[in-house]
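What's in coords-v4.txt: compact mmCIF, C-alpha atoms
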```
# COMPACT_ATOMS: atom_id res chain seq x y z
CA MET A 133 25.88 -10.50 -172.87
CA LEU A 134 24.09 -8.53 -175.58
CA LYS A 135 23.31 -10.53 -178.73
CA ARG A 136 19.79 -9.67 -179.91
CA ILE A 137 18.40 -6.13 -180.05
CA LEU A 138 14.79 -5.29 -180.90
CA VAL A 139 14.36 -1.92 -182.63
CA GLY A 140 10.91 -0.30 -182.58
CA LEU A 141 10.33 1.80 -185.70
CA GLY A 142 7.82 4.56 -184.98
CA ASP A 143 7.77 7.95 -186.63
CA LEU A 144 10.69 8.75 -188.93
CA ALA A 145 12.73 10.96 -186.58
CA PHE A 146 12.54 8.56 -183.64
CA SER A 147 13.13 5.57 -185.94
CA THR A 148 16.29 7.12 -187.37
CA SER A 149 17.61 7.88 -183.90
CA ALA A 150 16.74 4.40 -182.58
CA THR A 151 18.38 2.76 -185.59
CA ARG A 152 21.67 4.59 -185.10
CA THR A 153 21.70 3.89 -181.37
CA ALA A 154 21.00 0.19 -181.91
CA LEU A 155 23.60 -0.06 -184.67
CA ASN A 156 26.29 1.40 -182.44
CA LEU A 157 25.47 -1.14 -179.74
CA ALA A 158 25.34 -3.99 -182.25
CA THR A 159 28.76 -3.07 -183.60
CA VAL A 160 30.36 -2.95 -180.14
CA HIS A 161 28.72 -6.16 -178.89
CA ASP A 162 28.54 -8.15 -182.14
CA ALA A 163 24.75 -8.31 -181.88
CA SER A 164 21.99 -8.72 -184.45
CA LEU A 165 19.04 -6.36 -184.91
CA THR A 166 15.35 -7.03 -185.43
CA ALA A 167 13.32 -4.03 -186.58
CA VAL A 168 9.62 -4.23 -185.77
CA THR A 169 6.88 -2.06 -187.28
CA LEU A 170 3.52 -1.89 -185.53
CA VAL A 171 0.14 -1.05 -187.03
CA ASP A 172 -3.25 -1.50 -185.38
CA PRO A 173 -5.83 -0.74 -188.12
CA SER A 174 -8.59 -0.37 -185.54
CA HIS A 175 -6.96 2.85 -184.30
CA TYR A 176 -7.44 4.53 -187.67
CA ALA A 177 -11.22 4.72 -187.57
CA SER A 178 -12.42 8.33 -187.42
CA GLY A 179 -14.68 7.95 -184.37
CA PRO A 180 -18.48 8.40 -184.32
CA ILE A 181 -19.82 8.78 -187.86
CA PRO A 182 -22.66 11.23 -188.50
CA ILE A 183 -25.54 10.22 -190.73
CA GLY A 184 -24.36 10.37 -194.32
CA GLY A 185 -20.70 10.63 -193.32
CA GLY A 186 -19.68 7.05 -193.97
CA GLU A 187 -17.80 7.72 -197.21
CA ALA A 188 -15.87 10.63 -195.73
CA ALA A 189 -14.93 8.54 -192.69
CA LYS A 190 -13.71 5.74 -194.95
CA GLU A 191 -11.57 8.17 -196.96
CA LEU A 192 -10.07 9.62 -193.76
CA ARG A 193 -9.20 6.18 -192.46
CA GLU A 194 -7.59 5.19 -195.74
CA HIS A 195 -5.65 8.45 -195.83
CA ARG A 196 -4.28 7.87 -192.32
CA LEU A 197 -3.29 4.31 -193.15
CA GLN A 198 -1.59 5.48 -196.33
CA LEU A 199 0.41 8.08 -194.40
CA THR A 200 1.42 5.46 -191.86
CA SER A 201 2.43 3.00 -194.56
CA GLY A 202 4.67 5.63 -196.17
CA ILE A 203 6.38 6.42 -192.87
CA ILE A 204 6.93 2.72 -192.16
CA GLU A 205 8.42 2.04 -195.59
CA GLU A 206 10.77 5.01 -195.31
CA SER A 207 11.85 3.89 -191.82
CA ILE A 208 12.47 0.33 -193.02
CA GLU A 209 14.44 1.53 -196.03
CA HIS A 210 16.66 3.66 -193.78
CA PHE A 211 17.12 0.77 -191.33
CA GLU A 212 18.07 -1.75 -194.01
CA ARG A 213 20.50 0.64 -195.69
CA ALA A 214 22.20 1.53 -192.41
CA CYS A 215 22.57 -2.13 -191.36
CA ARG A 216 24.11 -3.09 -194.70
CA GLN A 217 26.55 -0.18 -194.53
CA GLU A 218 27.71 -1.33 -191.07
CA ASN A 219 27.61 -5.03 -192.04
CA VAL A 220 25.27 -5.82 -189.14
CA LYS A 221 22.98 -8.84 -189.30
CA PHE A 222 19.32 -7.80 -189.31
CA SER A 223 15.73 -8.87 -189.91
CA ILE A 224 12.40 -7.07 -190.32
CA ALA A 225 9.14 -7.94 -188.56
CA ARG A 226 5.99 -6.25 -189.88
CA GLU A 227 3.28 -6.63 -187.23
CA THR A 228 -0.42 -5.90 -187.71
CA GLY A 229 -2.96 -6.07 -184.92
CA ASP A 230 -2.67 -5.12 -181.27
CA ALA A 231 0.61 -3.18 -181.46
CA PHE A 232 1.23 -3.31 -177.72
CA GLU A 233 0.86 -7.10 -177.53
CA CYS A 234 3.04 -7.53 -180.61
CA MET A 235 5.82 -5.52 -178.98
CA VAL A 236 5.58 -7.51 -175.75
CA ASP A 237 5.72 -10.80 -177.66
CA ARG A 238 8.72 -9.78 -179.75
CA SER A 239 10.68 -8.52 -176.74
CA ARG A 240 10.63 -11.95 -175.06
CA TYR A 241 13.41 -13.22 -177.28
CA HIS A 242 15.63 -10.15 -177.33
CA ASP A 243 18.15 -8.87 -174.80
CA LEU A 244 17.36 -5.18 -175.22
CA THR A 245 14.68 -3.01 -176.84
CA VAL A 246 15.61 0.30 -178.45
CA CYS A 247 12.76 2.62 -179.43
CA GLY A 248 11.62 6.23 -179.37
CA LEU A 249 10.45 7.99 -176.26
CA ARG A 250 7.21 8.77 -178.09
CA ASN A 251 5.25 8.01 -181.30
CA LEU A 252 6.07 4.30 -181.33
CA PHE A 253 2.56 2.97 -182.00
CA GLU A 254 0.88 5.75 -183.98
CA HIS A 255 3.89 6.91 -186.05
CA GLY A 256 3.07 10.58 -185.56
CA VAL A 257 -0.07 10.22 -187.70
CA LEU A 258 -2.45 9.93 -184.75
CA GLU A 259 -2.15 11.41 -181.29
CA GLU A 260 -0.63 8.81 -178.98
CA PRO A 261 -1.43 8.46 -175.26
CA PRO A 262 1.47 9.94 -173.27
CA HIS A 263 2.42 6.89 -171.23
CA GLU A 264 2.64 4.08 -173.79
CA LEU A 265 6.28 3.54 -172.87
CA VAL A 266 5.21 3.01 -169.27
CA ARG A 267 2.74 0.37 -170.48
CA LEU A 268 5.59 -1.45 -172.22
CA VAL A 269 7.63 -1.56 -169.03
CA GLU A 270 4.55 -2.76 -167.15
CA GLY A 271 4.06 -5.45 -169.79
CA GLY A 272 7.59 -6.78 -169.25
CA VAL A 273 9.41 -5.05 -172.12
CA ARG A 274 12.68 -4.30 -170.37
CA PRO A 275 15.38 -3.23 -170.42
CA ILE A 276 14.53 -0.44 -172.83
CA VAL A 277 16.71 2.30 -174.23
CA ALA A 278 14.22 5.00 -175.25
CA VAL A 279 15.76 7.69 -177.44
CA GLY A 280 14.85 11.21 -178.47
CA PRO A 281 14.11 12.37 -182.03
CA GLU A 282 17.69 13.54 -182.61
CA TYR A 283 20.52 11.04 -182.34
CA ASN A 284 23.40 11.72 -179.96
CA ASP A 285 26.44 9.65 -179.05
CA ILE A 286 26.14 8.24 -175.54
CA SER A 287 29.22 8.95 -173.44
CA ARG A 288 27.89 10.69 -170.30
CA ILE A 289 25.42 8.60 -168.31
CA LEU A 290 23.48 9.81 -165.30
CA VAL A 291 22.17 7.14 -162.92
CA ALA A 292 19.19 8.52 -160.98
CA TYR A 293 19.22 6.38 -157.85
CA SER A 294 16.45 6.61 -155.27
CA GLY A 295 17.56 3.75 -153.04
CA SER A 296 14.41 1.73 -153.78
CA SER A 297 14.71 -1.92 -154.75
CA GLU A 298 13.35 -1.08 -158.22
CA SER A 299 15.91 1.65 -158.70
CA ALA A 300 18.68 -0.69 -157.51
CA ARG A 301 17.59 -3.43 -159.94
CA THR A 302 17.74 -1.00 -162.83
CA MET A 303 21.19 0.22 -161.82
CA LYS A 304 22.40 -3.37 -161.53
CA ARG A 305 20.96 -4.31 -164.93
CA PHE A 306 22.69 -1.31 -166.46
CA ALA A 307 26.03 -2.24 -164.87
CA GLN A 308 25.81 -5.93 -165.72
CA MET A 309 24.99 -5.30 -169.39
CA SER A 310 27.97 -2.94 -169.83
CA LEU A 311 26.37 -1.40 -172.89
CA TRP A 312 28.73 1.56 -173.05
CA PRO A 313 31.91 0.36 -171.25
CA GLU A 314 33.90 3.53 -171.93
CA CYS A 315 31.26 5.97 -170.68
CA THR A 316 31.51 8.56 -167.92
CA VAL A 317 29.03 7.74 -165.14
CA ARG A 318 27.59 9.89 -162.40
CA VAL A 319 25.14 8.65 -159.75
CA VAL A 320 22.80 11.27 -158.30
CA THR A 321 20.30 10.92 -155.48
CA PHE A 322 17.74 13.44 -154.28
CA GLY A 323 16.30 13.92 -150.81
CA ASN A 324 16.29 15.85 -147.56
CA ASP A 325 18.80 13.83 -145.51
CA GLN A 326 22.35 14.31 -146.77
CA GLY A 327 23.80 11.59 -144.53
CA VAL A 328 21.40 8.95 -145.81
CA GLY A 329 21.90 10.12 -149.38
CA GLU A 330 25.69 9.99 -149.25
CA GLU A 331 25.67 6.54 -147.66
CA ARG A 332 23.38 5.33 -150.45
CA LEU A 333 25.67 6.86 -153.06
CA GLU A 334 28.79 5.23 -151.63
CA GLU A 335 27.16 1.80 -151.79
CA ALA A 336 26.13 2.44 -155.39
CA ARG A 337 29.63 3.66 -156.30
CA GLU A 338 31.24 0.53 -154.83
CA TYR A 339 28.81 -1.73 -156.70
CA LEU A 340 29.50 -0.04 -160.03
CA LEU A 341 33.25 -0.16 -159.43
CA GLU A 342 33.05 -3.94 -159.05
CA HIS A 343 31.60 -3.92 -162.58
CA LYS A 344 34.48 -1.79 -163.88
CA LEU A 345 32.47 1.43 -163.95
CA GLU A 346 34.09 4.31 -162.09
CA ALA A 347 31.31 6.65 -161.04
CA GLU A 348 31.15 10.16 -159.67
CA THR A 349 28.41 10.76 -157.10
CA GLU A 350 26.35 13.73 -155.88
CA TRP A 351 23.57 14.24 -153.37
CA VAL A 352 21.04 16.96 -154.28
CA GLU A 353 18.61 18.43 -151.79
CA GLY A 354 15.01 18.28 -152.93
CA HIS A 355 12.79 15.99 -154.98
CA ALA A 356 13.70 14.20 -158.18
CA LYS A 357 10.49 15.33 -159.86
CA GLU A 358 11.48 18.97 -159.47
CA HIS A 359 15.21 18.74 -160.16
CA LEU A 360 16.20 15.66 -162.17
CA GLN A 361 15.56 16.94 -165.68
CA THR A 362 17.26 20.27 -165.01
CA TYR A 363 20.17 18.47 -163.36
CA ALA A 364 20.58 16.09 -166.31
CA THR A 365 20.58 18.99 -168.76
CA GLY A 366 23.08 20.96 -166.70
CA TRP A 367 25.43 17.97 -166.52
CA ASP A 368 25.05 17.36 -170.29
CA ALA A 369 23.82 13.81 -169.76
CA ASP A 370 23.45 11.69 -172.90
CA LEU A 371 21.38 9.04 -171.09
CA ILE A 372 19.45 8.80 -167.82
CA VAL A 373 19.24 5.46 -166.01
CA MET A 374 16.21 5.16 -163.75
CA GLY A 375 13.71 2.56 -162.64
CA ASN A 376 10.39 1.90 -160.95
CA SER A 377 7.97 -0.93 -160.62
CA ALA A 378 5.00 -0.48 -162.94
CA ARG A 379 2.69 -0.51 -159.91
CA LYS A 380 4.36 2.58 -158.50
CA PHE A 381 4.05 4.47 -161.77
CA PHE A 382 0.36 4.77 -161.15
CA ILE A 383 0.36 5.65 -157.48
CA LYS A 384 3.04 8.26 -158.20
CA ARG A 385 5.56 7.31 -155.54
CA LEU A 386 9.36 7.54 -155.61
CA PHE A 387 10.43 8.24 -159.21
CA GLY A 388 7.08 7.26 -160.76
CA GLU A 389 5.77 10.73 -161.53
CA THR A 390 9.27 11.90 -162.43
CA MET A 391 9.54 9.08 -164.94
CA MET A 392 6.26 9.97 -166.60
CA ASN A 393 7.26 13.64 -166.83
CA LEU A 394 10.54 12.69 -168.50
CA ILE A 395 8.87 10.38 -171.00
CA GLU A 396 6.47 13.16 -171.98
CA SER A 397 9.00 15.99 -172.28
CA SER A 398 12.63 14.82 -172.25
CA GLU A 399 14.85 14.72 -175.31
CA VAL A 400 17.53 12.88 -173.30
CA PRO A 401 17.42 9.09 -173.85
CA LEU A 402 16.36 6.87 -170.94
CA PHE A 403 17.50 3.43 -169.83
CA LEU A 404 14.50 1.73 -168.21
CA GLY A 405 15.25 -1.57 -166.55
CA GLN A 406 12.41 -2.04 -164.04
```

Represent the structure from my file as structure tokens, please.
Amino acid sequence: MLKRILVGLGDLAFSTSATRTALNLATVHDASLTAVTLVDPSHYASGPIPIGGGEAAKELREHRLQLTSGIIEESIEHFERACRQENVKFSIARETGDAFECMVDRSRYHDLTVCGLRNLFEHGVLEEPPHELVRLVEGGVRPIVAVGPEYNDISRILVAYSGSSESARTMKRFAQMSLWPECTVRVVTFGNDQGVGEERLEEAREYLLEHKLEAETEWVEGHAKEHLQTYATGWDADLIVMGNSARKFFIKRLFGETMMNLIESSEVPLFLGQ
């Protein structure tokens, strides 16, 4: 059951997309929304300061914070207006301090987190490390729907299934939540053994059917890292469901490296459950 959705407001484009996605889910599931804004002032220092450069560094820091504040206020204004138009219950949480820890804390009391694939913590003002979304999953913020900068309706969902226990847990979480009950679903698996792949797909198809999701299936020869993003684009996927343990992100096994590549470059939203 989906009743409380946390919405991470980052830069304006991702915030707008996340807001619309969360609103659609809230309307279908009669859920409430909590928008959270995240600012860590320590990130806005300008780095090593040369002798005599203190005033310039202070002005740069203040300028960055002012830009961030403007983006946050515009994102909040858009969020509040959209929620009122759809008559969806909402609240706003303005967090200052360690942005990562704030997001982890807030997620504990929500059923789902919706945020941008990128620019969640630095709002597009500062360069953000490429794998912050991975850190959130590692920190226990899951499930997550991470969206691109342009909103799209979600009706075609691609489940990237590796057969690992982590991948299976994510698929099960997706099925049990029934976020988009009227969607078209396809399960794809990659590998070198067609027999093993097709057996895996049949088990996944039967599981999803028990949860009232009729799924197409396809085995693709090769590695997910090389083919998944192209496959998703070719199939016109609106969302990719995939999962890994945080530990495996960093030793780059199974879908770990694929996941990081998608987070860095994909415009297709991701459902991350493990």

I need the residue nearest Leu404 (chain A) from this list: A:Ser294, A:Asn251, A:Thr245, A:Ser201. Use only C-alpha atoms for the distance. A:Thr245

Report the closest atom pair, with its distance in Å rounded to one decimal, for each residue of region 166-266 of chain A that has an atom no farther than 9 Å from region 152-157 of chain A; count only C-alpha atoms, sort by chain and then rising residue number, and write it as a tab-separated table.
```
residue	atom	partner	partner_atom	distance
A:Phe211	CA	A:Arg152	CA	8.6
A:Ala214	CA	A:Arg152	CA	7.9
A:Cys215	CA	A:Leu155	CA	7.1
A:Glu218	CA	A:Leu155	CA	7.7
A:Val220	CA	A:Leu155	CA	7.5
A:Thr245	CA	A:Ala154	CA	8.7
A:Val246	CA	A:Ala154	CA	6.4
A:Cys247	CA	A:Ala154	CA	8.9
```

Could you work out how far CA of Gly375 (chain A) lies from CA of Ala336 (chain A), giving the answer in Å with one decimal?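 Between these atoms lies a distance of 14.4 Å.
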
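For the choices A:Val400, A:Ile276, A:Ala347, A:Met235, the atom-to-atom distance to Thr169 (chain A) is smallest for A:Met235 when using only C-alpha atoms.
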
If you count all atoms listed in the file, which residues fall within 6 Å of region 279-291 of chain A, apart from same-chain ones fewer than 4 positions away, as a PDB file with C-alpha atoms, in the coordinates of the input?
```pdb
ATOM      1  CA  ALA A 145      12.730  10.960-186.580  1.00  0.00           C
ATOM      2  CA  PHE A 146      12.540   8.560-183.640  1.00  0.00           C
ATOM      3  CA  SER A 149      17.610   7.880-183.900  1.00  0.00           C
ATOM      4  CA  GLY A 248      11.620   6.230-179.370  1.00  0.00           C
ATOM      5  CA  LEU A 249      10.450   7.990-176.260  1.00  0.00           C
ATOM      6  CA  CYS A 315      31.260   5.970-170.680  1.00  0.00           C
ATOM      7  CA  THR A 316      31.510   8.560-167.920  1.00  0.00           C
ATOM      8  CA  VAL A 317      29.030   7.740-165.140  1.00  0.00           C
ATOM      9  CA  ARG A 318      27.590   9.890-162.400  1.00  0.00           C
ATOM     10  CA  VAL A 319      25.140   8.650-159.750  1.00  0.00           C
ATOM     11  CA  ALA A 369      23.820  13.810-169.760  1.00  0.00           C
ATOM     12  CA  ASP A 370      23.450  11.690-172.900  1.00  0.00           C
ATOM     13  CA  LEU A 371      21.380   9.040-171.090  1.00  0.00           C
ATOM     14  CA  ILE A 372      19.450   8.800-167.820  1.00  0.00           C
ATOM     15  CA  VAL A 373      19.240   5.460-166.010  1.00  0.00           C
ATOM     16  CA  GLU A 399      14.850  14.720-175.310  1.00  0.00           C
ATOM     17  CA  PRO A 401      17.420   9.090-173.850  1.00  0.00           C
TER      18      PRO A 401
END
```

What's the 10 Å shell around Asp237 (chain A), counting only C-alpha atoms, without same-chain residues fewer than 5 positions away, as a list of chain:residue names?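 The filter keeps A:Ala231, A:Phe232, A:His242, A:Gly271, A:Gly272, A:Val273.
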
Taking only C-alpha atoms into account, name the residue in A:Gly256, A:Ile203, A:Asn219, A:Leu192 that is nearest to Leu165 (chain A). A:Asn219

Which one is closest to Leu265 (chain A): A:Leu402, A:Ile137, A:Val352, A:Ile395? Count only C-alpha atoms. A:Ile395

Quote the spacing between CA of Ala150 (chain A) and CA of Leu138 (chain A) in Å to one decimal place. 10.0 Å

Please provide as a ChimeraX atom specification all residues within 12 Å of Glu233 (chain A), with the sequence filter that same-chain residues fewer than 4 positions apart are discarded (counting all atoms listed in the file). /A:170-172,227-229,237-240,253,264,267-268,270-273

Residue nearest Leu360 (chain A) among A:Leu340, A:Glu298, A:Ala307, A:Tyr293 (counting all atoms listed in the file):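 Using all atoms listed in the file, the shortest distance to Leu360 (chain A) belongs to A:Tyr293.
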
Between A:Asn393, A:Gln406, A:Gln308, A:Gln326, which one has atoms that come closest to His359 (chain A), using all atoms listed in the file?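 Among A:Asn393, A:Gln406, A:Gln308, A:Gln326, it is A:Asn393 that comes nearest to His359 (chain A).
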
One decimal, in Å: what's the spacing between CA of Glu348 (chain A) and CA of Phe306 (chain A)?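 Interatomic distance, CA of Glu348 (chain A) to CA of Phe306 (chain A): 15.8 Å.
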
Pick out the residues sitting within 9 Å of Glu334 (chain A), and hand them over as a list in words; count all atoms listed in the file, and ignore anything fewer than 5 positions along from it in its own chain.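 Contacts, with the query itself left out: Gly329, Tyr339 and Thr349 of chain A.
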
Save the residues we just selected, C-alpha atoms, as a CSV table (one decimal), keeping the file's coordinate frame?
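Generated output (out_0.csv):
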```
chain,number,residue,atom,x,y,z
A,329,GLY,CA,21.9,10.1,-149.4
A,339,TYR,CA,28.8,-1.7,-156.7
A,349,THR,CA,28.4,10.8,-157.1
```

Give me the residues near Ala163 (chain A) as a ChimeraX atom specification, where near means some atom within 7 Å (using all atoms listed in the file) and where sequence neighbours in that chain fewer than 4 positions away do not count. /A:134-137,158-159
